[in-house]
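Next comes model19.txt, with compact mmCIF, C-alpha atoms.
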```
# COMPACT_ATOMS: atom_id res chain seq x y z
CA MET M 143 19.03 33.61 41.51
CA LYS M 144 15.88 31.53 41.24
CA ALA M 145 16.96 30.25 37.82
CA THR M 146 20.35 29.28 39.20
CA LEU M 147 18.74 27.37 42.04
CA TYR M 148 16.51 25.48 39.65
CA SER M 149 19.45 24.69 37.37
CA GLY M 150 21.40 23.39 40.32
CA LEU M 151 18.46 21.25 41.30
CA PHE M 152 18.22 19.78 37.83
CA LEU M 153 21.89 18.94 37.86
CA PHE M 154 21.74 17.56 41.35
CA LEU M 155 18.74 15.29 40.90
CA PRO M 156 20.36 12.89 38.41
CA LEU M 157 23.32 12.55 40.77
CA LEU M 158 20.97 11.81 43.64
CA ILE M 159 19.21 9.17 41.60
CA PHE M 160 22.50 7.66 40.46
CA SER M 161 23.68 7.46 44.04
CA GLN M 162 20.51 5.67 45.08
CA ALA M 163 20.39 3.28 42.16
CA THR M 164 21.76 -0.19 42.45
CA ARG M 165 24.37 -0.79 39.80
CA GLU M 166 23.32 -3.99 38.22
CA LYS M 167 23.95 -4.00 34.55
CA SER M 168 25.75 -1.55 32.32
CA PHE M 169 26.65 1.94 31.37
CA GLU M 170 26.39 3.13 27.78
CA ILE M 171 27.81 6.09 25.92
CA SER M 172 26.34 7.14 22.61
CA ILE M 173 26.30 9.97 20.12
CA LYS M 174 22.92 11.39 19.27
CA VAL M 175 22.12 13.16 16.01
CA GLY M 176 18.63 14.37 15.22
CA TYR M 177 16.64 16.68 12.98
CA TYR M 178 13.56 18.50 14.22
CA TYR M 179 10.58 20.23 12.73
CA LYS M 180 8.86 22.58 15.11
CA PHE M 181 5.17 23.25 14.78
CA PHE M 182 2.36 24.57 16.93
CA LEU M 183 -0.80 23.01 18.19
CA GLY M 184 -3.93 25.00 17.51
CA ASN M 185 -4.14 28.42 15.97
CA SER M 186 -0.81 30.02 15.13
CA TYR M 187 -2.30 33.50 15.52
CA ILE M 188 -1.37 35.20 18.80
CA LYS M 189 -4.28 37.05 20.30
CA PRO M 190 -3.55 40.19 22.31
CA SER M 191 -3.28 39.00 25.89
CA SER M 192 -4.96 40.39 28.92
CA PRO M 193 -2.98 43.04 30.80
CA THR M 194 -3.58 40.96 33.91
CA SER M 195 -1.71 38.03 32.39
CA THR M 196 1.54 37.15 34.18
CA PHE M 197 3.58 37.46 31.02
CA TYR M 198 1.60 40.27 29.45
CA TYR M 199 4.53 42.61 29.33
CA ASN M 200 6.93 40.07 27.83
CA TRP M 201 4.54 38.76 25.25
CA GLU M 202 2.49 41.76 24.19
CA GLN M 203 5.05 42.56 21.55
CA TYR M 204 3.90 39.45 19.66
CA ALA M 205 0.22 40.37 19.79
CA ARG M 206 -1.42 39.79 16.38
CA PHE M 207 1.67 38.00 15.10
CA ASN M 208 1.62 34.50 13.63
CA LYS M 209 3.87 31.77 14.97
CA LEU M 210 5.86 30.18 12.16
CA PRO M 211 7.15 26.61 11.94
CA THR M 212 10.93 26.20 12.07
CA GLN M 213 13.43 23.41 11.73
CA GLY M 214 16.84 22.56 13.08
CA PHE M 215 19.05 19.83 14.44
CA GLN M 216 20.30 18.35 17.67
CA VAL M 217 23.64 16.69 18.33
CA GLY M 218 25.33 15.53 21.50
CA VAL M 219 26.62 12.84 23.77
CA LEU M 220 24.38 10.66 25.93
CA PHE M 221 25.18 8.56 28.96
CA GLN M 222 22.76 5.80 29.76
CA TYR M 223 22.75 3.90 33.01
CA ASN M 224 20.85 0.64 33.17
CA LEU M 225 18.96 0.05 36.39
CA LYS M 226 17.10 -2.92 37.78
CA GLY M 227 14.89 -4.82 35.39
CA HIS M 228 14.18 -3.01 32.17
CA TRP M 229 14.56 0.49 33.53
CA PHE M 230 17.29 2.92 32.58
CA LEU M 231 18.31 6.47 33.32
CA GLY M 232 20.04 8.88 30.94
CA SER M 233 21.77 12.20 30.82
CA GLY M 234 24.48 13.87 28.74
CA LEU M 235 25.21 17.07 26.90
CA ILE M 236 23.28 18.19 23.84
CA ALA M 237 23.81 21.11 21.45
CA CYS M 238 20.57 22.29 19.93
CA PRO M 239 19.75 25.54 18.15
CA ARG M 240 16.11 26.09 18.99
CA LYS M 241 14.37 28.53 16.71
CA ASN M 242 11.34 30.75 17.08
CA ALA M 243 9.87 32.93 14.38
CA PHE M 244 6.95 35.36 14.49
CA GLU M 245 5.56 37.41 11.64
CA ILE M 246 2.78 39.94 11.27
CA ASP M 247 1.07 40.93 8.04
CA GLU M 248 1.73 44.43 6.77
CA ASP M 249 -1.82 45.76 7.04
CA THR M 250 -2.12 44.70 10.67
CA LEU M 251 1.27 46.17 11.45
CA GLU M 252 0.26 49.48 9.90
CA GLU M 253 -2.94 49.51 11.92
CA TYR M 254 -1.43 48.60 15.27
CA VAL M 255 1.99 50.15 14.95
CA HIS M 256 3.56 50.76 18.34
CA LEU M 257 7.07 51.73 17.45
CA PRO M 258 7.23 55.03 15.56
CA SER M 259 10.77 55.73 16.77
CA PHE M 260 12.35 56.18 13.38
CA PRO M 261 11.17 58.05 10.31
CA TYR M 262 9.21 55.81 7.97
CA ILE M 263 9.82 52.65 9.99
CA SER M 264 6.52 51.12 10.96
CA GLY M 265 7.79 48.53 13.36
CA VAL M 266 9.02 44.98 13.61
CA LYS M 267 7.46 42.82 10.91
CA ARG M 268 9.22 39.62 11.80
CA TYR M 269 11.23 38.21 14.69
CA ASP M 270 13.69 35.37 14.05
CA TYR M 271 15.18 33.97 17.22
CA THR M 272 17.81 31.26 17.32
CA TYR M 273 18.86 30.08 20.75
CA TYR M 274 22.07 28.11 20.51
CA ASN M 275 21.55 25.97 23.57
CA LEU M 276 23.83 23.63 25.41
CA GLU M 277 21.36 21.40 27.22
CA ILE M 278 21.53 18.66 29.79
CA PRO M 279 18.93 15.99 29.18
CA VAL M 280 17.55 14.02 32.09
CA PHE M 281 15.40 11.10 31.04
CA PHE M 282 14.04 7.93 32.46
CA GLY M 283 13.07 4.97 30.33
CA TYR M 284 11.89 1.43 29.96
CA ARG M 285 13.12 -1.18 27.54
CA VAL M 286 10.97 -3.92 26.01
CA ASN M 287 12.94 -6.32 23.86
CA LYS M 288 14.61 -4.05 21.30
CA PHE M 289 12.25 -1.16 21.83
CA GLU M 290 12.96 1.56 24.35
CA PHE M 291 10.68 4.29 25.58
CA SER M 292 11.73 7.24 27.68
CA ALA M 293 10.53 10.54 29.02
CA GLY M 294 12.36 13.44 30.55
CA VAL M 295 13.41 17.02 30.17
CA TYR M 296 16.10 19.08 28.49
CA VAL M 297 17.57 21.81 30.67
CA PRO M 298 19.47 24.59 28.88
CA VAL M 299 22.62 25.51 30.80
CA LEU M 300 24.21 27.86 28.27
CA VAL M 301 22.20 30.00 25.87
CA TYR M 302 23.59 32.20 23.10
CA SER M 303 20.85 34.08 21.34
CA HIS M 304 20.91 35.35 17.79
CA THR M 305 17.94 37.57 17.04
CA LYS M 306 17.10 39.12 13.72
CA TYR M 307 14.50 41.89 13.62
CA THR M 308 12.98 42.65 10.25
CA TYR M 309 11.28 46.03 9.93
CA LEU M 310 8.69 47.31 7.56
CA VAL M 311 9.76 50.57 5.97
CA ARG M 312 7.43 52.95 4.19
CA ASP M 313 8.97 54.95 1.39
CA ASN M 314 7.31 58.36 1.27
CA SER M 315 8.33 59.08 -2.29
CA SER M 316 5.71 59.80 -4.91
CA PHE M 317 5.54 56.07 -5.56
CA TYR M 318 4.28 54.63 -2.31
CA HIS M 319 5.77 51.24 -1.61
CA VAL M 320 7.11 49.26 1.29
CA PHE M 321 10.30 47.34 1.81
CA THR M 322 12.07 45.79 4.75
CA THR M 323 15.30 46.25 6.58
CA ASP M 324 16.71 44.28 9.46
CA LYS M 325 18.97 44.33 12.50
CA THR M 326 20.68 41.51 14.34
CA ILE M 327 21.49 41.31 18.03
CA GLU M 328 23.55 38.50 19.55
CA ALA M 329 24.13 37.92 23.25
CA PHE M 330 24.48 35.35 25.97
CA GLU M 331 21.33 35.23 27.98
CA TYR M 332 19.58 32.93 30.37
CA HIS M 333 15.93 32.42 30.97
CA PHE M 334 14.91 29.39 32.92
CA SER M 335 13.04 27.06 30.65
CA VAL M 336 12.96 23.31 30.28
CA PHE M 337 11.69 21.20 27.44
CA PRO M 338 9.73 18.11 28.47
CA SER M 339 10.32 15.27 26.07
CA ILE M 340 9.11 11.78 25.20
CA GLN M 341 11.09 9.40 23.03
CA ALA M 342 10.85 6.00 21.42
CA GLY M 343 13.70 4.07 19.85
CA TYR M 344 14.65 0.70 18.42
CA ARG M 345 17.99 -0.88 19.23
CA ILE M 346 19.93 -2.61 16.47
CA ASN M 347 23.18 -4.41 17.27
CA ILE M 348 25.66 -4.40 14.43
CA ASN M 349 28.93 -6.02 15.46
CA LYS M 350 30.24 -3.89 18.33
CA PHE M 351 28.06 -0.92 17.53
CA LEU M 352 24.63 -0.18 18.81
CA LEU M 353 22.47 1.79 16.40
CA SER M 354 19.22 3.16 17.69
CA PRO M 355 16.91 5.08 15.38
CA PHE M 356 14.54 7.17 17.42
CA ILE M 357 11.60 9.51 17.22
CA GLU M 358 11.05 12.19 19.82
CA LEU M 359 8.60 14.90 20.76
CA ASP M 360 9.83 17.92 22.74
CA PHE M 361 7.31 20.33 24.16
CA GLY M 362 8.29 23.96 23.92
CA GLU M 363 6.90 27.37 24.67
CA ARG M 364 3.56 28.60 23.30
CA VAL M 365 2.20 25.08 22.82
CA SER M 366 4.89 24.19 20.35
CA ILE M 367 6.17 20.72 19.57
CA TYR M 368 9.57 19.75 18.26
CA ALA M 369 9.00 16.58 16.24
CA MET M 370 12.39 14.95 15.96
CA GLY M 371 13.87 11.96 14.27
CA GLY M 372 17.41 10.70 14.24
CA ILE M 373 19.81 8.07 15.34
CA LYS M 374 21.86 7.24 18.40
CA ILE M 375 25.18 5.52 17.79
CA GLY M 376 26.45 3.57 20.75
CA LEU M 377 30.15 4.04 21.33
CA ARG M 378 30.83 1.75 24.20
CA GLU M 379 29.09 -0.41 26.73
CA PHE M 380 30.58 -1.03 30.16
CA MET C 38 10.88 3.66 48.74
CA ASN C 39 12.66 1.63 46.12
CA VAL C 40 14.80 3.02 43.33
CA ILE C 41 12.06 3.04 40.70
CA ASN C 42 9.71 4.90 43.00
CA ARG C 43 12.43 7.44 43.76
CA ILE C 44 12.99 8.00 40.05
CA LEU C 45 9.30 8.32 39.32
CA PHE C 46 8.99 10.84 42.13
CA ALA C 47 11.97 12.83 40.83
CA PHE C 48 10.60 12.73 37.30
CA CYS C 49 7.20 14.01 38.37
CA PHE C 50 8.94 16.72 40.37
CA LEU C 51 10.92 17.78 37.29
CA MET C 52 7.82 17.82 35.13
CA ILE C 53 6.03 20.05 37.62
CA LEU C 54 9.01 22.41 37.73
CA SER C 55 9.14 22.47 33.96
CA CYS C 56 5.86 24.36 33.90
CA LYS C 57 7.64 27.28 35.49
CA LYS C 58 8.92 29.88 33.03
CA ASP C 59 11.14 32.79 33.86
CA PRO C 60 11.38 35.13 30.84
CA PHE C 61 14.69 36.83 30.27
CA ASP C 62 14.69 40.55 31.03
CA TYR C 63 15.92 41.88 27.71
CA ARG C 64 16.96 45.18 29.31
CA SER C 65 19.95 43.55 30.95
CA LYS C 66 21.61 43.19 27.55
CA PHE C 67 21.75 46.96 27.19
CA THR C 68 22.63 48.18 30.67
CA GLY C 69 26.12 49.22 31.73
CA ASP C 70 28.53 52.16 31.77
CA TYR C 71 28.77 54.22 28.62
CA HIS C 72 30.92 56.99 27.21
CA PHE C 73 28.58 59.53 25.65
CA THR C 74 29.40 62.15 23.04
CA ILE C 75 26.75 64.85 22.88
CA THR C 76 26.23 67.34 20.09
CA ARG C 77 23.92 70.08 21.33
CA SER C 78 21.99 72.31 18.94
CA VAL C 79 20.20 75.37 20.26
CA TYR C 80 17.46 76.79 18.09
CA LEU C 81 17.42 80.56 18.43
CA PHE C 82 16.65 83.27 15.90
CA ILE C 83 20.40 83.67 15.52
CA PRO C 84 21.55 80.16 16.44
CA PRO C 85 24.89 79.70 18.18
CA PRO C 86 27.23 77.09 16.75
CA ASP C 87 26.62 73.54 17.91
CA SER C 88 28.52 72.55 21.01
CA MET C 89 30.04 69.15 21.56
CA PHE C 90 31.03 67.55 24.85
CA THR C 91 31.50 64.13 26.38
CA PHE C 92 30.24 62.51 29.55
CA ASP C 93 30.85 59.16 31.21
CA GLY C 94 27.44 58.00 32.28
CA TYR C 95 25.39 54.86 32.49
CA ILE C 96 22.31 53.00 31.41
CA ARG C 97 20.46 51.14 34.14
CA CYS C 98 17.15 49.34 34.38
CA GLY C 99 14.35 51.83 34.87
CA SER C 100 11.90 52.05 37.74
CA THR C 101 9.18 50.37 35.69
CA ARG C 102 9.28 47.34 33.43
CA GLY C 103 10.28 48.12 29.88
CA THR C 104 12.20 51.25 30.76
CA VAL C 105 15.83 52.14 31.22
CA SER C 106 17.37 55.05 33.01
CA ILE C 107 19.92 56.90 30.87
CA LYS C 108 22.33 59.36 32.41
CA TYR C 109 24.20 61.05 29.59
CA THR C 110 24.78 64.44 31.22
CA SER C 111 25.34 65.68 34.76
CA THR C 112 21.62 66.39 35.08
CA ASP C 113 19.09 63.86 36.32
CA PRO C 114 18.90 60.61 34.34
CA LYS C 115 16.08 60.19 31.87
CA GLU C 116 13.60 57.36 32.12
CA VAL C 117 13.20 55.97 28.61
CA ALA C 118 11.00 53.26 27.13
CA ILE C 119 13.06 50.53 25.49
CA PHE C 120 11.88 47.71 23.28
CA GLU C 121 13.39 44.27 22.92
CA ASP C 122 15.16 45.18 19.67
CA GLY C 123 16.94 48.07 21.39
CA SER C 124 14.67 50.80 20.06
CA LEU C 125 14.25 53.74 22.38
CA ASP C 126 11.12 55.80 22.67
CA ASP C 127 10.00 59.00 24.35
CA PRO C 128 11.86 61.10 25.41
CA CYS C 129 15.01 59.66 23.80
CA TYR C 130 14.35 58.68 20.20
CA GLY C 131 16.91 56.29 18.77
CA GLU C 132 18.23 52.80 19.11
CA PHE C 133 21.03 50.52 20.13
CA GLU C 134 22.85 49.84 16.88
CA THR C 135 24.74 47.03 18.59
CA LEU C 136 24.89 45.85 22.18
CA ASN C 137 27.85 48.21 22.68
CA SER C 138 26.70 51.36 20.91
CA VAL C 139 23.64 53.51 21.22
CA GLN C 140 22.48 56.57 19.35
CA PHE C 141 19.53 58.78 20.19
CA ALA C 142 18.20 62.31 20.09
CA VAL C 143 16.53 64.24 22.86
CA VAL C 144 14.37 67.28 22.19
CA TYR C 145 13.55 69.59 25.05
CA TYR C 146 12.86 73.24 25.82
CA LYS C 147 14.45 75.74 28.12
CA GLY C 148 11.87 78.46 28.35
CA GLU C 149 10.86 78.83 24.74
CA THR C 150 14.24 77.82 23.40
CA LYS C 151 14.29 74.49 21.63
CA ILE C 152 17.34 72.34 22.25
CA ILE C 153 18.25 69.06 20.58
CA ASP C 154 20.92 66.74 21.97
CA ASN C 155 22.23 64.22 19.49
CA VAL C 156 23.89 61.55 21.60
CA LYS C 157 26.19 58.72 20.70
CA GLY C 158 27.21 56.29 23.40
CA SER C 159 29.74 53.50 23.43
CA ARG C 160 30.03 50.94 26.17
CA ILE C 161 32.97 51.34 28.54
CA LYS C 162 34.64 47.93 28.61
```
So that I can check it, write out the structure of this file as structure tokens.
Amino acid sequence: MKATLYSGLFLFLPLLIFSQATREKSFEISIKVGYYYKFFLGNSYIKPSSPTSTFYYNWEQYARFNKLPTQGFQVGVLFQYNLKGHWFLGSGLIACPRKNAFEIDEDTLEEYVHLPSFPYISGVKRYDYTYYNLEIPVFFGYRVNKFEFSAGVYVPVLVYSHTKYTYLVRDNSSFYHVFTTDKTIEAFEYHFSVFPSIQAGYRININKFLLSPFIELDFGERVSIYAMGGIKIGLREF
Amino acid sequence: MNVINRILFAFCFLMILSCKKDPFDYRSKFTGDYHFTITRSVYLFIPPPDSMFTFDGYIRCGSTRGTVSIKYTSTDPKEVAIFEDGSLDDPCYGEFETLNSVQFAVVYYKGETKIIDNVKGSRIK
């Protein structure tokens, strides 16, 4: 319920701003295509959290795991509304598979095993999450000559998760060795999260098209950063 | 308040809200009504043949975080620990093979007689 209220608020705010803005210049539609590399600030090792932590229960399963860098892409349609002066406001619809991966080394897993449910299976060695998100961006920017700078947030409105669990398996034959097996679970799910973002771009006019190479930093969970680069192709200007 | 100020205010408001996180309760992927098939083995000195029966039960969120309540027979539901990957722990050992099928075993005693229920459940659409 709370998540729905927040989502509604995020969708409502741009409309409120649009309604208050004085239409002065133009309205642009563009296609955005980007590639991201996700990395983490600081130590990638996840320390066991305090049981008093708010998210202790949800995150304790990753205790002693390492956060792994991932990569992916982003594609979508953007609507940009030019306000007074050099200011502009943007929104749209973006498809972005956001990936998370966590892995623990075998010795640590053996020592801190918490899932002895199946014979010989020590526990989850690696989590690979891919959240296929449909996101609504809301950003606010300023244009200086051909440069444009903006900041805002991405709000996921539809999330389809694909999760692969890789297990460590101990073979109790006379030759002791380990191997892995995995399981995949896919489902629609929703957890309220937004991705704050800052962007910089350069506008190039080629005939009737507007090409805008950009770089972008999205801030994700667990002090992660999506470093993105790509291009926006302007379709039409009203 | 002019337009730019309104936008700056809204932006700051959004940024503050963005700090809020609401983790997904993974249990909700597994809950629902299930059709269970139970194979019951009774371990006596001269064991009777295994019995098999079915029961339309359910899996609900448990009373504590990280647990589900499984009702696979007419007796009281069992409170079971469940992990994010669908693995079940004490007292029902097993796992969700998919989001629509679950398999687990329950070991219990009646007096000194050991009984094992091997349970397969499929989600009722």
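With only C-alpha atoms as the atoms that count, the minimum distance from chain C to the choices M:Tyr254, M:Phe330, M:Tyr187, M:Phe181 is reached by M:Phe330.
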(message) Excluding stretch 336-347 of chain M and its own-chain neighbours fewer than 5 positions away, which residues fall within 6 Å of it when counting all atoms listed in the file? Please give them as a VMD selection string.
(response) (chain M and resid 288 to 297 352 to 362) or (chain C and resid 55)
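For the pair atom CA of C:Ser106 and atom CA of C:Lys162, the separation is 19.2 Å.
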(request) For atom CA of M:Arg268 and atom CA of C:Gly99, quote the distance in Å rounded to one decimal. (result) 26.6 Å
Test item: residues at most 9 Å from M:His304, all atoms listed in the file, excluding those fewer than 4 positions along its chain, as a PDB file with C-alpha atoms, keeping the file's coordinate frame:
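Produced file selection-v9.pdb, reproduced below:
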```pdb
ATOM      1  CA  ASP M 270      13.690  35.370  14.050  1.00  0.00           C
ATOM      2  CA  TYR M 271      15.180  33.970  17.220  1.00  0.00           C
ATOM      3  CA  THR M 272      17.810  31.260  17.320  1.00  0.00           C
ATOM      4  CA  TYR M 273      18.860  30.080  20.750  1.00  0.00           C
ATOM      5  CA  TYR M 274      22.070  28.110  20.510  1.00  0.00           C
ATOM      6  CA  THR M 326      20.680  41.510  14.340  1.00  0.00           C
ATOM      7  CA  ILE M 327      21.490  41.310  18.030  1.00  0.00           C
ATOM      8  CA  GLU M 328      23.550  38.500  19.550  1.00  0.00           C
ATOM      9  CA  ALA M 329      24.130  37.920  23.250  1.00  0.00           C
ATOM     10  CA  PHE M 330      24.480  35.350  25.970  1.00  0.00           C
TER      11      PHE M 330
END
```
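Using all atoms listed in the file, the smallest distance between any of C:Cys98, C:Leu125, C:Ile75, C:Val105 and chain M comes from C:Leu125.
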(request) Compute the distance from (28.1, 61.7, 27.5) to each atom, counting all atoms listed in the file, keep the residues with any atom at most 8 Å away, and return them as a PyMOL selection string; use the coordinates of the file. (result) chain C and resi 71-75+90-94+108-110+156-158
